[in-house]
>>> print(open('work_6.cif').read())   # mmCIF, C-alpha atoms
data_start
#
loop_
_atom_site.label_atom_id
_atom_site.label_comp_id
_atom_site.auth_asym_id
_atom_site.auth_seq_id
_atom_site.Cartn_x
_atom_site.Cartn_y
_atom_site.Cartn_z
CA MET A 1 -2.03 -14.44 -11.95
CA PHE A 2 -1.42 -13.03 -8.50
CA SER A 3 -3.75 -13.29 -5.57
CA ILE A 4 -5.43 -10.54 -3.56
CA LEU A 5 -7.52 -11.28 -0.50
CA SER A 6 -10.45 -9.62 1.17
CA SER A 7 -12.44 -10.16 4.32
CA ALA A 8 -15.47 -9.35 2.15
CA PRO A 9 -16.50 -11.66 -0.74
CA MET A 10 -13.30 -12.57 -2.55
CA ILE A 11 -13.11 -10.79 -5.87
CA ASN A 12 -10.47 -11.44 -8.49
CA TRP A 13 -11.06 -8.13 -10.23
CA ILE A 14 -7.65 -7.97 -11.81
CA ALA A 15 -7.71 -11.40 -13.49
CA ARG A 16 -8.33 -10.45 -17.10
CA TRP A 17 -5.50 -7.91 -17.09
CA PHE A 18 -2.91 -10.53 -16.22
CA ARG A 19 -3.91 -13.24 -18.66
CA PRO A 20 -0.90 -14.03 -20.87
CA ALA A 21 -2.65 -13.06 -24.09
CA ALA A 22 -3.64 -9.63 -22.84
CA ALA A 23 -0.23 -9.06 -21.34
CA SER A 24 1.65 -10.12 -24.46
CA THR A 25 -0.54 -7.92 -26.66
CA ALA A 26 0.11 -4.84 -24.57
CA ALA A 27 3.81 -5.62 -24.33
CA ALA A 28 4.02 -6.07 -28.09
CA ALA A 29 2.39 -2.69 -28.56
CA ILE A 30 5.02 -1.05 -26.39
CA VAL A 31 7.86 -2.76 -28.25
CA ALA A 32 6.37 -1.75 -31.60
CA GLN A 33 6.04 1.83 -30.47
CA GLN A 34 9.65 1.84 -29.28
CA GLN A 35 10.91 0.49 -32.57
CA GLN A 36 8.86 2.95 -34.63
CA GLN A 37 9.85 6.02 -32.64
CA GLN A 38 13.52 5.46 -31.84
CA GLN A 39 14.55 8.15 -34.32
CA GLN A 40 11.59 10.47 -33.87
CA GLN A 41 11.54 13.67 -31.89
CA GLN A 42 10.38 12.98 -28.35
CA GLN A 43 6.99 14.32 -27.29
CA PRO A 44 5.67 14.83 -23.74
CA VAL A 45 3.21 12.44 -22.16
CA HIS A 46 -0.29 13.06 -23.47
CA ALA A 47 -2.06 15.79 -21.51
CA GLN A 48 -4.94 13.43 -20.70
CA TYR A 49 -2.61 11.49 -18.43
CA ALA A 50 -0.32 14.23 -17.17
CA ALA A 51 -1.29 15.63 -13.81
CA PRO A 52 0.40 18.84 -12.65
CA ALA A 53 4.12 18.30 -12.21
CA PRO A 54 4.99 17.55 -8.58
CA GLN A 55 7.06 19.90 -6.48
CA GLN A 56 10.69 18.96 -5.94
CA ASP A 57 9.99 18.26 -2.26
CA ASP A 58 6.90 16.10 -2.85
CA VAL A 59 7.36 13.14 -0.51
CA ARG A 60 5.30 10.71 -2.57
CA THR A 61 7.24 11.40 -5.75
CA VAL A 62 10.54 11.05 -3.90
CA PHE A 63 9.33 7.74 -2.44
CA TYR A 64 8.22 6.41 -5.84
CA ARG A 65 11.55 7.34 -7.43
CA TRP A 66 13.39 5.58 -4.65
CA LEU A 67 11.28 2.47 -5.25
CA ALA A 68 11.85 2.73 -9.00
CA GLY A 69 15.63 2.75 -8.70
CA PRO A 70 18.24 4.61 -10.77
CA PRO A 71 16.62 6.80 -13.47
CA ARG A 72 17.20 6.32 -17.17
CA ASP A 73 16.86 8.94 -19.89
CA ASP A 74 16.17 6.49 -22.73
CA ILE A 75 12.56 5.62 -21.85
CA LEU A 76 10.33 6.90 -24.62
CA PRO A 77 7.36 9.15 -23.82
CA SER A 78 5.30 6.80 -25.98
CA THR A 79 6.18 3.99 -23.57
CA GLU A 80 5.04 6.09 -20.60
CA LYS A 81 1.84 6.94 -22.44
CA LEU A 82 1.01 3.31 -23.18
CA ILE A 83 1.65 2.23 -19.59
CA LEU A 84 -0.58 5.00 -18.29
CA GLU A 85 -3.30 4.17 -20.82
CA GLU A 86 -3.35 0.52 -19.73
CA PHE A 87 -3.40 1.50 -16.09
CA LYS A 88 -6.17 4.02 -16.71
CA ARG A 89 -8.30 1.23 -18.18
CA LEU A 90 -7.64 -0.86 -15.12
CA VAL A 91 -8.66 1.97 -12.81
CA GLU A 92 -11.93 2.32 -14.71
CA ALA A 93 -12.74 -1.42 -14.47
CA PRO A 94 -11.71 -2.70 -11.01
CA GLN A 95 -14.72 -5.02 -10.85
CA SER A 96 -13.31 -7.48 -13.40
CA ALA A 97 -13.07 -10.56 -11.27
CA SER A 98 -12.96 -14.35 -10.98
CA ASP A 99 -11.54 -17.21 -8.98
CA LEU A 100 -9.69 -15.39 -6.23
CA VAL A 101 -8.16 -17.63 -3.61
CA PRO A 102 -7.73 -15.72 -0.34
CA ARG A 103 -4.45 -15.94 1.52
CA VAL A 104 -5.72 -15.61 5.03
CA PRO A 105 -5.68 -18.03 7.98
CA ALA A 106 -9.11 -19.61 8.24
CA VAL A 107 -9.36 -18.66 11.90
CA ILE A 108 -9.17 -14.90 11.26
CA PRO A 109 -12.80 -14.32 10.17
CA GLN A 110 -13.97 -16.23 13.26
CA LEU A 111 -11.71 -14.11 15.46
CA LEU A 112 -12.88 -10.86 13.93
CA ARG A 113 -16.49 -11.86 14.58
CA SER A 114 -15.61 -12.68 18.16
CA LEU A 115 -13.87 -9.33 18.64
CA ARG A 116 -17.11 -7.59 17.67
CA ASP A 117 -18.94 -9.51 20.38
CA ASP A 118 -18.34 -8.00 23.81
CA SER A 119 -19.67 -11.16 25.48
CA VAL A 120 -16.81 -13.33 24.19
CA SER A 121 -14.28 -13.97 26.95
CA GLY A 122 -10.51 -13.82 26.77
CA ALA A 123 -10.44 -17.57 27.33
CA GLU A 124 -12.63 -18.14 24.26
CA LEU A 125 -10.40 -15.89 22.17
CA SER A 126 -7.37 -17.83 23.41
CA ARG A 127 -9.01 -21.10 22.37
CA GLN A 128 -9.75 -19.77 18.88
CA LEU A 129 -6.23 -18.37 18.47
CA ALA A 130 -4.68 -21.66 19.53
CA GLN A 131 -5.99 -23.19 16.28
CA ASP A 132 -3.24 -21.37 14.35
CA VAL A 133 0.29 -21.62 15.76
CA VAL A 134 1.62 -18.94 13.40
CA LEU A 135 -1.02 -16.52 14.63
CA VAL A 136 -0.21 -17.37 18.24
CA ALA A 137 3.42 -16.48 17.61
CA GLU A 138 2.40 -13.21 15.94
CA VAL A 139 0.21 -12.21 18.87
CA ILE A 140 2.90 -12.93 21.47
CA ARG A 141 5.55 -11.15 19.38
CA GLU A 142 3.26 -8.12 19.08
CA ALA A 143 2.65 -8.03 22.82
CA ASN A 144 6.42 -7.96 23.44
CA SER A 145 7.12 -5.28 20.83
CA PRO A 146 8.58 -1.87 21.77
CA TYR A 147 5.20 -0.31 21.02
CA TYR A 148 3.60 -1.96 24.07
CA ARG A 149 6.72 -2.15 26.27
CA PRO A 150 5.44 -4.74 28.77
CA ALA A 151 6.93 -4.56 32.27
CA ALA A 152 7.79 -8.27 32.00
CA PRO A 153 8.01 -10.51 28.93
CA ILE A 154 4.65 -11.86 27.75
CA LYS A 155 4.85 -15.63 27.37
CA THR A 156 1.21 -16.77 27.10
CA ILE A 157 -1.56 -16.05 24.65
CA GLU A 158 -3.86 -15.07 27.52
CA GLY A 159 -1.39 -12.45 28.72
CA ALA A 160 -0.97 -11.12 25.18
CA ILE A 161 -4.71 -10.74 24.65
CA MET A 162 -5.06 -8.91 27.96
CA LEU A 163 -2.26 -6.50 27.03
CA LEU A 164 -3.29 -5.90 23.41
CA GLY A 165 -6.95 -5.32 24.10
CA GLN A 166 -9.75 -5.50 21.55
CA ASN A 167 -8.48 -2.76 19.25
CA GLY A 168 -4.92 -4.07 19.32
CA MET A 169 -6.15 -7.53 18.38
CA ARG A 170 -8.22 -6.15 15.50
CA MET A 171 -5.21 -4.26 14.16
CA LEU A 172 -3.00 -7.32 14.45
CA LEU A 173 -5.47 -9.54 12.59
CA ALA A 174 -5.92 -6.92 9.87
CA ARG A 175 -2.16 -6.76 9.38
CA VAL A 176 -1.80 -10.54 9.20
CA ALA A 177 -4.62 -10.65 6.64
CA PHE A 178 -3.23 -7.83 4.50
CA ARG A 179 0.42 -8.84 4.43
CA PRO A 180 0.09 -11.32 1.51
CA ILE A 181 -1.69 -8.70 -0.62
CA ILE A 182 1.33 -6.45 -0.75
CA SER A 183 4.47 -8.12 0.59
CA ASN A 184 4.61 -11.25 -1.61
CA GLN A 185 4.57 -10.41 -5.31
CA PRO A 186 6.02 -12.07 -8.41
CA GLY A 187 7.40 -10.15 -11.36
CA GLN A 188 10.58 -8.13 -11.70
CA PHE A 189 9.38 -4.75 -10.51
CA ALA A 190 6.59 -5.79 -8.13
CA HIS A 191 8.92 -8.23 -6.38
CA GLN A 192 11.55 -5.50 -6.11
CA VAL A 193 9.29 -2.91 -4.49
CA ALA A 194 6.86 -5.06 -2.50
CA PRO A 195 8.86 -5.33 0.77
CA GLN A 196 9.40 -1.57 0.91
CA VAL A 197 5.77 -0.81 0.05
CA TRP A 198 4.62 -3.19 2.77
CA ARG A 199 6.91 -1.55 5.35
CA GLN A 200 5.52 1.84 4.38
CA SER A 201 1.94 0.58 4.55
CA GLU A 202 2.50 -0.78 8.06
CA ALA A 203 4.17 2.44 9.19
CA CYS A 204 1.37 4.53 7.66
CA ALA A 205 -1.31 2.38 9.28
CA LEU A 206 0.25 2.64 12.72
CA ALA A 207 0.84 6.39 12.35
CA ALA A 208 -2.76 6.87 11.22
CA SER A 209 -4.11 4.96 14.22
CA MET A 210 -2.08 7.20 16.54
CA LEU A 211 -3.12 10.41 14.80
CA ALA A 212 -6.81 9.52 14.58
CA PRO A 213 -7.96 10.22 18.17
CA GLY A 214 -6.67 13.80 18.04
CA SER A 215 -8.65 14.43 14.85
CA GLY A 216 -11.88 12.76 15.88
CA ALA A 217 -11.38 9.87 13.45
CA ASN A 218 -11.85 6.18 14.20
CA PRO A 219 -8.43 4.62 14.97
CA PHE A 220 -9.24 1.22 13.47
CA GLU A 221 -10.66 2.73 10.28
CA ALA A 222 -7.51 4.87 10.07
CA TYR A 223 -5.42 1.73 10.47
CA LEU A 224 -7.34 -0.06 7.71
CA ALA A 225 -6.98 2.91 5.37
CA GLY A 226 -3.23 2.96 6.00
CA LEU A 227 -2.85 -0.75 5.24
CA LEU A 228 -4.92 -0.52 2.05
CA HIS A 229 -3.88 2.82 0.57
CA GLN A 230 -0.92 1.45 -1.43
CA VAL A 231 -2.63 -1.56 -3.00
CA GLY A 232 -3.28 0.45 -6.17
CA LEU A 233 0.44 1.15 -6.51
CA ILE A 234 1.24 -2.55 -6.15
CA VAL A 235 -1.28 -3.29 -8.89
CA ALA A 236 0.45 -0.68 -11.06
CA PHE A 237 3.79 -2.45 -10.66
CA ARG A 238 2.17 -5.80 -11.42
CA LEU A 239 0.66 -4.37 -14.58
CA ILE A 240 4.00 -2.87 -15.63
CA ASP A 241 5.62 -6.28 -15.16
CA GLN A 242 3.08 -7.76 -17.57
CA ILE A 243 3.20 -5.21 -20.36
CA TYR A 244 6.65 -3.62 -20.20
CA THR A 245 9.86 -5.30 -21.33
CA GLY A 246 12.35 -2.66 -20.21
CA ASP A 247 14.72 -2.97 -17.25
CA ALA A 248 14.13 0.50 -15.76
CA LEU A 249 10.95 2.24 -14.65
CA PRO A 250 9.72 5.58 -16.03
CA GLN A 251 10.26 8.49 -13.66
CA SER A 252 9.36 11.69 -15.49
CA ASP A 253 7.42 14.30 -13.52
CA GLU A 254 4.37 13.77 -15.69
CA PHE A 255 4.50 9.99 -15.38
CA CYS A 256 4.93 10.08 -11.60
CA ALA A 257 2.05 12.51 -11.12
CA ALA A 258 -0.34 10.53 -13.31
CA LEU A 259 0.62 7.10 -11.96
CA LEU A 260 0.39 8.16 -8.32
CA ALA A 261 -2.95 9.90 -8.80
CA ASP A 262 -4.47 6.89 -10.55
CA SER A 263 -2.95 4.50 -7.99
CA GLN A 264 -4.67 6.42 -5.21
CA LEU A 265 -7.99 6.32 -7.05
CA LEU A 266 -7.65 2.59 -7.73
CA SER A 267 -6.91 1.91 -4.06
CA ALA A 268 -10.11 3.74 -3.11
CA ARG A 269 -12.13 1.80 -5.67
CA ILE A 270 -10.69 -1.50 -4.48
CA ALA A 271 -11.66 -0.60 -0.92
CA ALA A 272 -15.22 0.07 -2.07
CA LEU A 273 -15.29 -3.11 -4.16
CA TRP A 274 -14.17 -5.15 -1.17
CA GLU A 275 -16.98 -3.62 0.88
CA PHE A 276 -14.79 -1.78 3.35
CA PRO A 277 -16.54 1.00 5.27
CA VAL A 278 -17.33 3.89 2.97
CA THR A 279 -15.40 6.13 5.33
CA VAL A 280 -12.24 4.15 4.52
CA SER A 281 -12.65 4.25 0.72
CA ASN A 282 -13.57 7.94 0.85
CA ALA A 283 -10.54 8.74 2.98
CA ILE A 284 -8.19 7.01 0.53
CA GLU A 285 -9.71 8.89 -2.40
CA GLN A 286 -9.73 12.28 -0.64
CA ALA A 287 -6.30 12.10 0.99
CA GLY A 288 -4.34 15.20 0.03
CA ALA A 289 -7.40 17.11 -1.19
CA LYS A 290 -8.36 20.51 0.16
CA ASP A 291 -11.24 20.49 2.65
CA ALA A 292 -10.97 16.70 3.08
CA LEU A 293 -12.71 15.04 6.00
CA ALA A 294 -10.84 14.14 9.20
CA LEU A 295 -9.97 10.55 8.28
CA ALA A 296 -8.57 11.64 4.91
CA ARG A 297 -6.44 14.31 6.58
CA VAL A 298 -5.14 11.74 9.03
CA LEU A 299 -4.28 9.33 6.21
CA ASP A 300 -2.53 12.05 4.22
CA GLN A 301 -0.28 12.99 7.14
CA ALA A 302 0.34 9.37 8.14
CA ASP A 303 1.30 8.53 4.55
CA ARG A 304 4.05 11.15 4.58
CA ILE A 305 5.25 10.08 8.03
CA GLY A 306 5.45 6.45 6.91
CA MET A 307 7.34 7.30 3.73
CA LEU A 308 9.83 9.49 5.56
CA ARG A 309 10.37 6.78 8.17
CA VAL A 310 11.12 4.17 5.50
CA LEU A 311 13.38 6.52 3.52
CA VAL A 312 15.39 7.42 6.62
CA ASP A 313 15.62 3.82 7.79
CA ALA A 314 16.89 2.87 4.31
CA GLY A 315 19.67 5.48 4.57
CA GLN A 316 18.30 7.79 1.90
CA TYR A 317 18.21 10.73 4.33
CA ALA A 318 19.69 11.54 7.71
CA PRO A 319 17.10 11.77 10.50
CA ASP A 320 17.71 15.53 10.77
CA ASP A 321 17.79 16.23 7.04
CA PRO A 322 15.85 19.43 6.20
CA PHE A 323 13.78 17.49 3.68
CA VAL A 324 12.54 15.25 6.50
CA LEU A 325 12.03 17.94 9.11
CA GLN A 326 10.05 20.29 6.86
CA HIS A 327 7.23 17.72 6.62
CA LEU A 328 6.92 17.01 10.35
CA ASP A 329 5.12 19.18 12.89
CA PRO A 330 5.68 18.39 16.61
CA ALA A 331 2.89 15.78 16.77
CA ALA A 332 4.06 14.11 13.56
CA THR A 333 7.67 14.17 14.81
CA ALA A 334 6.70 12.26 17.96
CA ILE A 335 4.97 9.57 15.91
CA TYR A 336 7.80 9.46 13.37
CA GLN A 337 10.27 8.85 16.20
CA LYS A 338 8.07 6.21 17.79
CA LEU A 339 7.91 4.33 14.49
CA SER A 340 11.70 3.98 14.55
CA ASP A 341 11.33 1.48 17.38
CA GLU A 342 8.70 -0.58 15.61
CA GLU A 343 9.62 -3.92 14.08
CA HIS A 344 6.36 -4.74 12.26
#
>>> encode(input="work_6.cif", output="structure tokens")
Amino acid sequence: MFSILSSAPMINWIARWFRPAAASTAAAAIVAQQQQQQQQQQQPVHAQYAAPAPQQDDVRTVFYRWLAGPPRDDILPSTEKLILEEFKRLVEAPQSASDLVPRVPAVIPQLLRSLRDDSVSGAELSRQLAQDVVLVAEVIREANSPYYRPAAPIKTIEGAIMLLGQNGMRMLLARVAFRPIISNQPGQFAHQVAPQVWRQSEACALAASMLAPGSGANPFEAYLAGLLHQVGLIVAFRLIDQIYTGDALPQSDEFCAALLADSQLLSARIAALWEFPVTVSNAIEQAGAKDALALARVLDQADRIGMLRVLVDAGQYAPDDPFVLQHLDPAATAIYQKLSDEEH
């Protein structure tokens, strides 16, 4: 079983889906279907699970296919259907939970409470931070990052707190708390994609926080939405690891559209389950929809910026490739370029 943390009450909602018996049953069903249908005419994915086929230039589909690796043409539609059915059940029951052990430094909840209290001094914050040497190193590293560009190197925790400010500290603590959710995953496919998904989540979160003020959205809520918006996709890969015995991931248009849509919905439901602000869960669910509210529009744009940044940095596209440029207006281009200097 893998662990997911929350700053709200810790909820192991995924537990029953990753019990060996449930996993082996689903995997056996896929193998049986493969054996029965090897010689049968192939049918498309069931319409219940097939969202409209994505456009060729859809950034999210391109990003998923890059994560998935080289395509294969021998994956049966029945296999895609069974994966999507299992994932659909998971989306409809995110509250299934038990025995979650959070992976978060014990000092973080105390620090977050202090950051909400304007009367807490920088000296008191420094004292609390000093309880965790890893966190101290993170804070000083952040203060010396290209994003802040200090005139002189920051060498003390007091200087870092003064430079980062309250919002910068909140963002840093959120990132430290979220990193284990996404970046450290067992399983063949989840382990393969987790580092890239985490890099995209960080880039999306930072882009969202920079876009938010111009749209009237809350920068910290935008940052949280960016960090959390891919957790449903990570869960999808974990589920696939448990129920699928193949060595290549499905990539048909219909599969991509359905998986990505349900991943987005699951991320929103997880945010609500973990008692994040309703504005955050609503933004995740509404991102990409017509007439969405400001925070959802910010998240949608930041998501594309983050994906393009990761794809370019990985050498999949040149920085001036038409595919990249067509998705970036002048404001998005400035943020996209700024992200190239980030080392989060």
>>> atom_distance(input="work_6.cif", atom1="CA of Val193 (chain A)", atom2="CA of Asp313 (chain A)")
15.4 Å
>>> resolve_selection(input="work_6.cif", expression="the PyMOL selection byres ((chain A and resi 69-72) around 8)", output="PyMOL selection string")
chain A and resi 65-68+73-75+248-251
>>> closest_residue(input="work_6.cif", among="A:Ser114, A:Ile305, A:Ala151, A:Asp241", to="Gly187 (chain A)", atoms="all atoms listed in the file")
A:Asp241
>>> closest_residue(input="work_6.cif", among="A:Ala143, A:Ala174, A:Ile284, A:Ala217", to="Ala272 (chain A)", atoms="only C-alpha atoms")
A:Ile284
>>> atom_distance(input="work_6.cif", atom1="CA of Asp300 (chain A)", atom2="CA of Asn144 (chain A)")
29.2 Å
>>> resolve_selection(input="work_6.cif", expression="the PyMOL selection byres ((chain A and resi 142) around 12)", output="short mmCIF file (atom, residue, chain, number, x, y, z; two decimals) with C-alpha atoms, in the coordinates of the input")
data_model
loop_
_atom_site.label_atom_id
_atom_site.label_comp_id
_atom_site.auth_asym_id
_atom_site.auth_seq_id
_atom_site.Cartn_x
_atom_site.Cartn_y
_atom_site.Cartn_z
CA LEU A 135 -1.02 -16.52 14.63
CA VAL A 136 -0.21 -17.37 18.24
CA ALA A 137 3.42 -16.48 17.61
CA GLU A 138 2.40 -13.21 15.94
CA VAL A 139 0.21 -12.21 18.87
CA ILE A 140 2.90 -12.93 21.47
CA ARG A 141 5.55 -11.15 19.38
CA ALA A 143 2.65 -8.03 22.82
CA ASN A 144 6.42 -7.96 23.44
CA SER A 145 7.12 -5.28 20.83
CA PRO A 146 8.58 -1.87 21.77
CA TYR A 147 5.20 -0.31 21.02
CA TYR A 148 3.60 -1.96 24.07
CA ARG A 149 6.72 -2.15 26.27
CA PRO A 150 5.44 -4.74 28.77
CA PRO A 153 8.01 -10.51 28.93
CA ILE A 154 4.65 -11.86 27.75
CA LYS A 155 4.85 -15.63 27.37
CA THR A 156 1.21 -16.77 27.10
CA ILE A 157 -1.56 -16.05 24.65
CA GLY A 159 -1.39 -12.45 28.72
CA ALA A 160 -0.97 -11.12 25.18
CA ILE A 161 -4.71 -10.74 24.65
CA LEU A 163 -2.26 -6.50 27.03
CA LEU A 164 -3.29 -5.90 23.41
CA GLY A 165 -6.95 -5.32 24.10
CA GLY A 168 -4.92 -4.07 19.32
CA MET A 169 -6.15 -7.53 18.38
CA MET A 171 -5.21 -4.26 14.16
CA LEU A 172 -3.00 -7.32 14.45
CA LEU A 173 -5.47 -9.54 12.59
CA ARG A 175 -2.16 -6.76 9.38
CA VAL A 176 -1.80 -10.54 9.20
CA GLU A 342 8.70 -0.58 15.61
CA GLU A 343 9.62 -3.92 14.08
CA HIS A 344 6.36 -4.74 12.26
#
>>> closest_residue(input="work_6.cif", among="A:Tyr317, A:Lys88, A:Val310, A:Asn167", to="Tyr336 (chain A)", atoms="only C-alpha atoms")
A:Val310
>>> resolve_selection(input="work_6.cif", expression="the PyMOL selection byres ((chain A and resi 263) around 9)", output="list in words")
Phe87, Val91, His229, Gln230, Val231, Gly232, Leu233, Ile234, Val235, Ala236, Ala258, Leu259, Leu260, Ala261, Asp262, Gln264, Leu265, Leu266, Ser267 and Ala268 of chain A
>>> atom_distance(input="work_6.cif", atom1="CA of Phe237 (chain A)", atom2="CA of Glu92 (chain A)")
16.9 Å
>>> residues_around(input="work_6.cif", residues="Val312 (chain A)", least_positions_apart="3", cutoff="12 Å", atoms="only C-alpha atoms", output="VMD selection string")
chain A and resid 63 66 200 305 to 309 315 to 321 323 to 325 336 to 337 339 to 340
>>> residues_around(input="work_6.cif", residues="region 206-213 of chain A", least_positions_apart="4", cutoff="6 Å", atoms="all atoms listed in the file", output="compact mmCIF listing (two decimals) with C-alpha atoms, in the coordinates of the input")
# COMPACT_ATOMS: atom_id res chain seq x y z
CA ALA A 217 -11.38 9.87 13.45
CA PRO A 219 -8.43 4.62 14.97
CA ALA A 222 -7.51 4.87 10.07
CA TYR A 223 -5.42 1.73 10.47
CA VAL A 298 -5.14 11.74 9.03
CA LEU A 299 -4.28 9.33 6.21
CA ALA A 302 0.34 9.37 8.14
>>> closest_residue(input="work_6.cif", among="A:Leu76, A:Arg127, A:Leu311, A:Gly216", to="Leu293 (chain A)", atoms="all atoms listed in the file")
A:Gly216
>>> decode(input="work_6.cif", residues="region 159-174 of chain A", atoms="N, CA, C and O atoms", output="compact mmCIF listing (two decimals), in the first residue's frame")
# COMPACT_ATOMS: atom_id res chain seq x y z
N GLY A 159 17.63 35.35 7.89
CA GLY A 159 17.68 36.08 6.62
C GLY A 159 16.77 35.47 5.58
O GLY A 159 16.14 36.20 4.79
N ALA A 160 16.67 34.14 5.56
CA ALA A 160 15.80 33.47 4.60
C ALA A 160 14.33 33.80 4.86
O ALA A 160 13.56 34.07 3.93
N ILE A 161 13.93 33.78 6.12
CA ILE A 161 12.54 34.08 6.46
C ILE A 161 12.20 35.51 6.07
O ILE A 161 11.12 35.79 5.54
N MET A 162 13.13 36.43 6.31
CA MET A 162 12.88 37.83 5.96
C MET A 162 12.71 37.98 4.45
O MET A 162 11.85 38.73 3.98
N LEU A 163 13.53 37.26 3.67
CA LEU A 163 13.45 37.37 2.22
C LEU A 163 12.20 36.70 1.66
O LEU A 163 11.51 37.25 0.80
N LEU A 164 11.89 35.50 2.16
CA LEU A 164 10.77 34.73 1.62
C LEU A 164 9.43 35.37 1.94
O LEU A 164 8.50 35.34 1.13
N GLY A 165 9.29 35.90 3.12
CA GLY A 165 8.02 36.47 3.53
C GLY A 165 7.01 35.38 3.89
O GLY A 165 7.26 34.18 3.74
N GLN A 166 5.86 35.81 4.36
CA GLN A 166 4.85 34.85 4.83
C GLN A 166 4.36 33.95 3.70
O GLN A 166 4.28 32.73 3.86
N ASN A 167 4.03 34.54 2.54
CA ASN A 167 3.48 33.72 1.47
C ASN A 167 4.53 32.76 0.92
O ASN A 167 4.24 31.61 0.60
N GLY A 168 5.78 33.24 0.81
CA GLY A 168 6.84 32.35 0.34
C GLY A 168 7.06 31.18 1.28
O GLY A 168 7.30 30.05 0.84
N MET A 169 6.97 31.43 2.58
CA MET A 169 7.12 30.35 3.55
C MET A 169 5.97 29.36 3.44
O MET A 169 6.18 28.14 3.52
N ARG A 170 4.77 29.86 3.27
CA ARG A 170 3.61 28.95 3.13
C ARG A 170 3.78 28.05 1.90
O ARG A 170 3.51 26.85 1.95
N MET A 171 4.22 28.64 0.80
CA MET A 171 4.41 27.86 -0.42
C MET A 171 5.50 26.80 -0.24
O MET A 171 5.36 25.66 -0.69
N LEU A 172 6.58 27.20 0.42
CA LEU A 172 7.66 26.25 0.66
C LEU A 172 7.20 25.08 1.50
O LEU A 172 7.46 23.91 1.18
N LEU A 173 6.48 25.36 2.59
CA LEU A 173 6.01 24.29 3.47
C LEU A 173 5.03 23.39 2.75
O LEU A 173 5.04 22.16 2.94
N ALA A 174 4.16 23.97 1.92
CA ALA A 174 3.22 23.15 1.15
C ALA A 174 3.97 22.22 0.21
O ALA A 174 3.63 21.03 0.08
